[in-house]
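Visitor: As input, take data_39.tsv (TSV, N, CA and C atoms and all ligand atoms):
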```tsv
chain	number	residue	atom	x	y	z
K	264	MET	N	5.56	4.08	-20.55
K	264	MET	CA	4.32	4.81	-20.21
K	264	MET	C	4.70	6.15	-19.58
K	265	THR	N	4.10	7.23	-20.05
K	265	THR	CA	4.46	8.54	-19.48
K	265	THR	C	3.94	8.67	-18.06
K	266	SER	N	4.57	9.57	-17.33
K	266	SER	CA	4.14	9.74	-15.95
K	266	SER	C	2.73	10.33	-15.88
K	267	LEU	N	2.33	11.13	-16.90
K	267	LEU	CA	0.95	11.69	-16.90
K	267	LEU	C	-0.06	10.56	-17.04
K	268	ILE	N	0.16	9.67	-18.00
K	268	ILE	CA	-0.77	8.55	-18.19
K	268	ILE	C	-0.81	7.70	-16.92
K	269	ARG	N	0.36	7.47	-16.35
K	269	ARG	CA	0.43	6.65	-15.14
K	269	ARG	C	-0.36	7.31	-14.00
K	270	ARG	N	-0.22	8.64	-13.87
K	270	ARG	CA	-0.96	9.35	-12.80
K	270	ARG	C	-2.46	9.25	-13.01
K	271	VAL	N	-2.89	9.39	-14.30
K	271	VAL	CA	-4.34	9.32	-14.58
K	271	VAL	C	-4.85	7.91	-14.32
K	272	LEU	N	-4.09	6.89	-14.73
K	272	LEU	CA	-4.52	5.51	-14.49
K	272	LEU	C	-4.66	5.26	-12.99
K	273	CYS	N	-3.71	5.75	-12.20
K	273	CYS	CA	-3.81	5.59	-10.74
K	273	CYS	C	-5.06	6.28	-10.21
K	274	ARG	N	-5.33	7.49	-10.72
K	274	ARG	CA	-6.47	8.24	-10.21
K	274	ARG	C	-7.79	7.52	-10.45
K	275	ILE	N	-7.89	6.77	-11.57
K	275	ILE	CA	-9.13	6.03	-11.82
K	275	ILE	C	-9.08	4.62	-11.23
K	276	GLY	N	-8.05	4.37	-10.43
K	276	GLY	CA	-8.01	3.11	-9.69
K	276	GLY	C	-7.33	1.97	-10.42
K	277	HIS	N	-6.64	2.28	-11.54
K	277	HIS	CA	-5.92	1.22	-12.27
K	277	HIS	C	-4.44	1.32	-11.90
K	278	HIS	N	-4.09	0.74	-10.77
K	278	HIS	CA	-2.69	0.77	-10.32
K	278	HIS	C	-1.93	-0.34	-11.04
K	279	ARG	N	-0.79	0.03	-11.59
K	279	ARG	CA	0.02	-0.90	-12.39
K	279	ARG	C	0.43	-2.12	-11.58
K	280	GLN	N	0.69	-1.88	-10.31
K	280	GLN	CA	1.23	-2.94	-9.45
K	280	GLN	C	0.88	-2.57	-8.01
K	281	LEU	N	0.67	-3.56	-7.16
K	281	LEU	CA	0.46	-3.30	-5.74
K	281	LEU	C	1.47	-4.14	-4.96
K	282	ASP	N	2.28	-3.48	-4.16
K	282	ASP	CA	3.22	-4.18	-3.30
K	282	ASP	C	2.51	-4.58	-2.01
K	283	ILE	N	2.83	-5.75	-1.50
K	283	ILE	CA	2.29	-6.15	-0.20
K	283	ILE	C	3.18	-5.55	0.88
K	284	ILE	N	2.63	-4.67	1.68
K	284	ILE	CA	3.39	-4.02	2.75
K	284	ILE	C	3.38	-4.91	4.00
K	285	GLN	N	2.22	-5.49	4.28
K	285	GLN	CA	2.10	-6.34	5.47
K	285	GLN	C	0.87	-7.23	5.32
K	286	THR	N	0.93	-8.42	5.88
K	286	THR	CA	-0.19	-9.36	5.84
K	286	THR	C	-0.68	-9.63	7.25
K	287	PHE	N	-2.01	-9.57	7.42
K	287	PHE	CA	-2.63	-9.86	8.73
K	287	PHE	C	-3.68	-10.94	8.49
K	288	ARG	N	-3.38	-12.16	8.70
K	288	ARG	CA	-4.33	-13.25	8.48
K	288	ARG	C	-5.02	-13.09	7.13
K	289	ALA	N	-6.33	-12.76	7.09
K	289	ALA	CA	-7.05	-12.67	5.81
K	289	ALA	C	-7.00	-11.28	5.20
K	290	ALA	N	-6.26	-10.38	5.81
K	290	ALA	CA	-6.22	-9.00	5.32
K	290	ALA	C	-4.78	-8.60	4.97
K	291	GLN	N	-4.67	-7.59	4.12
K	291	GLN	CA	-3.34	-7.10	3.75
K	291	GLN	C	-3.33	-5.59	3.62
K	292	HIS	N	-2.18	-5.03	3.90
K	292	HIS	CA	-1.91	-3.61	3.68
K	292	HIS	C	-1.04	-3.58	2.43
K	293	VAL	N	-1.53	-2.92	1.37
K	293	VAL	CA	-0.80	-2.90	0.10
K	293	VAL	C	-0.57	-1.46	-0.34
K	294	GLY	N	0.39	-1.26	-1.24
K	294	GLY	CA	0.69	0.08	-1.72
K	294	GLY	C	1.08	0.08	-3.18
K	295	CYS	N	0.72	1.16	-3.88
K	295	CYS	CA	1.08	1.34	-5.29
K	295	CYS	C	2.40	2.09	-5.37
K	296	PRO	N	3.41	1.53	-6.03
K	296	PRO	CA	4.71	2.20	-6.11
K	296	PRO	C	4.67	3.46	-6.98
K	297	ASP	N	3.68	3.60	-7.85
K	297	ASP	CA	3.61	4.78	-8.71
K	297	ASP	C	3.05	5.99	-7.96
K	298	CYS	N	1.89	5.83	-7.32
K	298	CYS	CA	1.24	6.97	-6.66
K	298	CYS	C	1.45	6.96	-5.15
K	299	ARG	N	2.00	5.88	-4.64
K	299	ARG	CA	2.29	5.72	-3.20
K	299	ARG	C	1.04	5.71	-2.34
K	300	ARG	N	-0.14	5.53	-2.96
K	300	ARG	CA	-1.35	5.39	-2.15
K	300	ARG	C	-1.36	3.97	-1.58
K	301	ARG	N	-1.94	3.88	-0.39
K	301	ARG	CA	-1.97	2.59	0.29
K	301	ARG	C	-3.41	2.18	0.54
K	302	TYR	N	-3.64	0.88	0.52
K	302	TYR	CA	-4.99	0.33	0.65
K	302	TYR	C	-5.02	-0.84	1.61
K	303	ALA	N	-6.22	-1.08	2.13
K	303	ALA	CA	-6.46	-2.25	2.97
K	303	ALA	C	-7.32	-3.22	2.17
K	304	ILE	N	-6.85	-4.46	2.07
K	304	ILE	CA	-7.60	-5.51	1.38
K	304	ILE	C	-8.06	-6.50	2.43
K	305	HIS	N	-9.33	-6.92	2.36
K	305	HIS	CA	-9.78	-8.04	3.20
K	305	HIS	C	-10.31	-9.11	2.26
K	306	HIS	N	-9.62	-10.25	2.24
K	306	HIS	CA	-9.96	-11.29	1.27
K	306	HIS	C	-11.28	-11.97	1.59
K	307	GLY	N	-11.60	-12.14	2.88
K	307	GLY	CA	-12.86	-12.78	3.25
K	307	GLY	C	-14.06	-11.93	2.87
K	308	LEU	N	-13.94	-10.62	3.13
K	308	LEU	CA	-15.04	-9.69	2.83
K	308	LEU	C	-14.97	-9.18	1.39
K	309	ARG	N	-13.84	-9.45	0.73
K	309	ARG	CA	-13.58	-8.99	-0.65
K	309	ARG	C	-13.72	-7.47	-0.75
K	310	THR	N	-13.04	-6.77	0.16
K	310	THR	CA	-13.08	-5.31	0.15
K	310	THR	C	-11.68	-4.75	-0.14
K	311	PHE	N	-11.68	-3.56	-0.71
K	311	PHE	CA	-10.45	-2.86	-1.09
K	311	PHE	C	-10.72	-1.38	-0.83
K	312	VAL	N	-10.18	-0.85	0.26
K	312	VAL	CA	-10.47	0.54	0.66
K	312	VAL	C	-9.16	1.24	1.03
K	313	PRO	N	-9.15	2.58	0.96
K	313	PRO	CA	-7.92	3.30	1.32
K	313	PRO	C	-7.47	2.99	2.75
K	314	TRP	N	-6.17	2.80	2.90
K	314	TRP	CA	-5.59	2.58	4.22
K	314	TRP	C	-5.62	3.91	4.97
K	315	ASP	N	-6.01	3.89	6.24
K	315	ASP	CA	-5.96	5.12	7.02
K	315	ASP	C	-5.55	4.80	8.46
K	316	SER	N	-5.56	5.83	9.31
K	316	SER	CA	-5.07	5.65	10.67
K	316	SER	C	-5.93	4.69	11.48
K	317	ASP	N	-7.22	4.54	11.11
K	317	ASP	CA	-8.05	3.57	11.82
K	317	ASP	C	-7.52	2.15	11.63
K	318	PHE	N	-7.12	1.83	10.39
K	318	PHE	CA	-6.55	0.49	10.15
K	318	PHE	C	-5.24	0.33	10.91
K	319	ALA	N	-4.41	1.38	10.88
K	319	ALA	CA	-3.15	1.31	11.61
K	319	ALA	C	-3.41	1.07	13.09
K	320	ASP	N	-4.37	1.81	13.67
K	320	ASP	CA	-4.70	1.65	15.09
K	320	ASP	C	-5.24	0.25	15.38
K	321	LEU	N	-6.10	-0.25	14.49
K	321	LEU	CA	-6.70	-1.57	14.66
K	321	LEU	C	-5.62	-2.65	14.72
K	322	TYR	N	-4.72	-2.64	13.74
K	322	TYR	CA	-3.70	-3.70	13.69
K	322	TYR	C	-2.59	-3.49	14.71
K	323	GLU	N	-2.30	-2.23	15.04
K	323	GLU	CA	-1.34	-1.99	16.14
K	323	GLU	C	-1.90	-2.60	17.43
K	324	GLY	N	-3.22	-2.42	17.64
K	324	GLY	CA	-3.88	-2.97	18.83
K	324	GLY	C	-3.85	-4.49	18.88
K	325	MET	N	-3.71	-5.12	17.67
K	325	MET	CA	-3.64	-6.58	17.60
K	325	MET	C	-2.19	-7.05	17.68
K	326	GLY	N	-1.26	-6.10	17.88
K	326	GLY	CA	0.13	-6.47	18.09
K	326	GLY	C	1.03	-6.35	16.87
K	327	TYR	N	0.50	-5.86	15.75
K	327	TYR	CA	1.33	-5.71	14.55
K	327	TYR	C	2.04	-4.35	14.57
K	328	ASP	N	3.27	-4.33	14.07
K	328	ASP	CA	4.01	-3.08	13.99
K	328	ASP	C	3.80	-2.49	12.59
K	329	THR	N	2.68	-1.79	12.42
K	329	THR	CA	2.34	-1.27	11.08
K	329	THR	C	3.23	-0.10	10.69
K	330	ALA	N	3.66	0.70	11.66
K	330	ALA	CA	4.51	1.85	11.34
K	330	ALA	C	5.85	1.39	10.77
K	331	HIS	N	6.41	0.36	11.37
K	331	HIS	CA	7.69	-0.16	10.88
K	331	HIS	C	7.55	-0.71	9.46
K	332	ALA	N	6.50	-1.47	9.22
K	332	ALA	CA	6.29	-2.06	7.88
K	332	ALA	C	6.08	-0.97	6.84
K	333	THR	N	5.35	0.07	7.21
K	333	THR	CA	5.10	1.18	6.28
K	333	THR	C	6.39	1.92	5.97
K	334	ASN	N	7.17	2.23	7.00
K	334	ASN	CA	8.44	2.93	6.78
K	334	ASN	C	9.40	2.10	5.95
K	335	ARG	N	9.39	0.79	6.16
K	335	ARG	CA	10.27	-0.11	5.39
K	335	ARG	C	9.90	-0.05	3.91
K	336	TRP	N	8.58	0.00	3.61
K	336	TRP	CA	8.12	0.08	2.21
K	336	TRP	C	8.54	1.41	1.58
K	337	PHE	N	8.34	2.52	2.32
K	337	PHE	CA	8.75	3.81	1.77
K	337	PHE	C	10.26	3.85	1.54
K	338	ASP	N	11.04	3.27	2.44
K	338	ASP	CA	12.50	3.21	2.25
K	338	ASP	C	12.84	2.41	1.00
K	339	TYR	N	12.12	1.29	0.80
K	339	TYR	CA	12.33	0.44	-0.37
K	339	TYR	C	12.02	1.23	-1.65
K	340	LEU	N	10.92	1.99	-1.65
K	340	LEU	CA	10.56	2.79	-2.83
K	340	LEU	C	11.64	3.83	-3.12
K	341	ASP	N	12.11	4.49	-2.09
K	341	ASP	CA	13.14	5.53	-2.28
K	341	ASP	C	14.42	4.92	-2.83
K	342	THR	N	14.79	3.74	-2.34
K	342	THR	CA	15.99	3.06	-2.82
K	342	THR	C	15.83	2.66	-4.29
K	343	ARG	N	14.64	2.13	-4.62
K	343	ARG	CA	14.38	1.65	-5.98
K	343	ARG	C	14.41	2.82	-6.97
K	344	GLU	N	13.83	3.98	-6.57
K	344	GLU	CA	13.77	5.13	-7.47
K	344	GLU	C	15.15	5.72	-7.75
K	345	HIS	N	16.07	5.55	-6.82
K	345	HIS	CA	17.39	6.14	-7.00
K	345	HIS	C	18.40	5.17	-7.62
K	346	ARG	N	17.91	3.96	-7.92
K	346	ARG	CA	18.80	2.98	-8.54
K	346	ARG	C	19.07	3.40	-9.99
K	347	PRO	N	20.30	3.31	-10.49
K	347	PRO	CA	20.61	3.74	-11.86
K	347	PRO	C	19.95	2.84	-12.91
Q	1	ZN	ZN	-1.18	4.00	-8.13
```
Please go through the file and, once you have read it, give me the structure as structure tokens.

Guide:
Amino acid sequence: MTSLIRRVLCRIGHHRQLDIIQTFRAAQHVGCPDCRRRYAIHHGLRTFVPWDSDFADLYEGMGYDTAHATNRWFDYLDTREHRP
């Protein structure tokens, strides 16, 4: 699949794959490895919305280290992209 098609598919919300960055009880922080956009999923409420600093603040306040999990995912993406 060309990168242009992949970019357009991401823009219309058809992400090829979503990695789980972190799980919080019934909710998850996920990210698309193609466009690197991140989302918050809540399984009980069945919602899927862009991840932002409010979510980070909310879960940091509940004791989760969201910054570490996010940085670990970005490091993983960078490693994967540079693999031969
Ligand atoms: Zn995407």

Visitor: Please identify the residues whose atoms come within 7 Å of ligand ZN 1 (chain Q), using only C-alpha atoms and all ligand atoms, and report them as a count of residues only.

Guide: 10

Visitor: Can you pull out every residue within 8 Å of Ala330 of chain K, counting all atoms listed in the file, but drop anything in the same chain fewer than 6 positions away, and send it as number ranges by chain?

Guide: K: 319, 323, 336

Visitor: Would you mind listing what lies within 6.5 Å of segment 303-309 of chain K as a list in words, with all atoms listed in the file counted and same-chain residues fewer than 3 positions away left out?

Guide: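 With the cut-off at 6.5 Å, the set is Ala289, Ala290, Gln291, His292, Val293, Val312, Pro313, Trp314 and Asp315 of chain K.
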
Visitor: Among chain K, which ones does DSSP assign to helix (DSSP H, G or I) (computed from the backbone)? Answer as an MDAnalysis selection string.

Guide: chainID K and resid 266:274 316:324 329:344

Visitor: Produce the centre coordinates and the three edge lengths, each in Å to one decimal, of the box along x, y and z that contains all listed atoms of segment 286-305 of chain K with 5 Å added on each side, as AutoDock Vina command-line options.

Guide:
```
--center_x -2.8 --center_y -3.1 --center_z 0.0 --size_x 25.0 --size_y 30.2 --size_z 27.4
```

Visitor: Have a look at atom CA of Ala332 of chain K and atom CA of Arg270 of chain K and let me know their distance in Å, one decimal.

Guide: 24.7 Å

Visitor: Kindly indicate which residue among K:Met264, K:Leu321, K:Thr310, K:Ile284 lies nearest to Asp338 of chain K, using only C-alpha atoms for the distances.

Guide: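 Of K:Met264, K:Leu321, K:Thr310, K:Ile284, the one nearest Asp338 of chain K is K:Ile284, counting only C-alpha atoms.
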
Visitor: Rounded to one decimal in Å, what is the spacing between atom N of Thr329 of chain K and atom CA of Asp341 of chain K?

Guide: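 Distance reported for this atom pair: 19.5 Å.
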
Visitor: State, in Å with one decimal place, the distance from atom N of Ser316 of chain K to atom C of Thr286 of chain K.

Guide: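 Separating atom N of Ser316 of chain K from atom C of Thr286 of chain K is a distance of 16.3 Å.
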
Visitor: Of the candidates K:Arg335, K:His345, K:Tyr327, K:Asp317, which one gets nearest to Asp282 of chain K if we count only C-alpha atoms?

Guide: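 Of K:Arg335, K:His345, K:Tyr327, K:Asp317, the one nearest Asp282 of chain K is K:Arg335, counting only C-alpha atoms.
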
Visitor: Between K:Leu281, K:Phe287, K:Leu340, K:Tyr322, which one has atoms that come closest to Tyr302 of chain K, using only C-alpha atoms?

Guide: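 Among the listed residues, K:Leu281 lies closest to Tyr302 of chain K.
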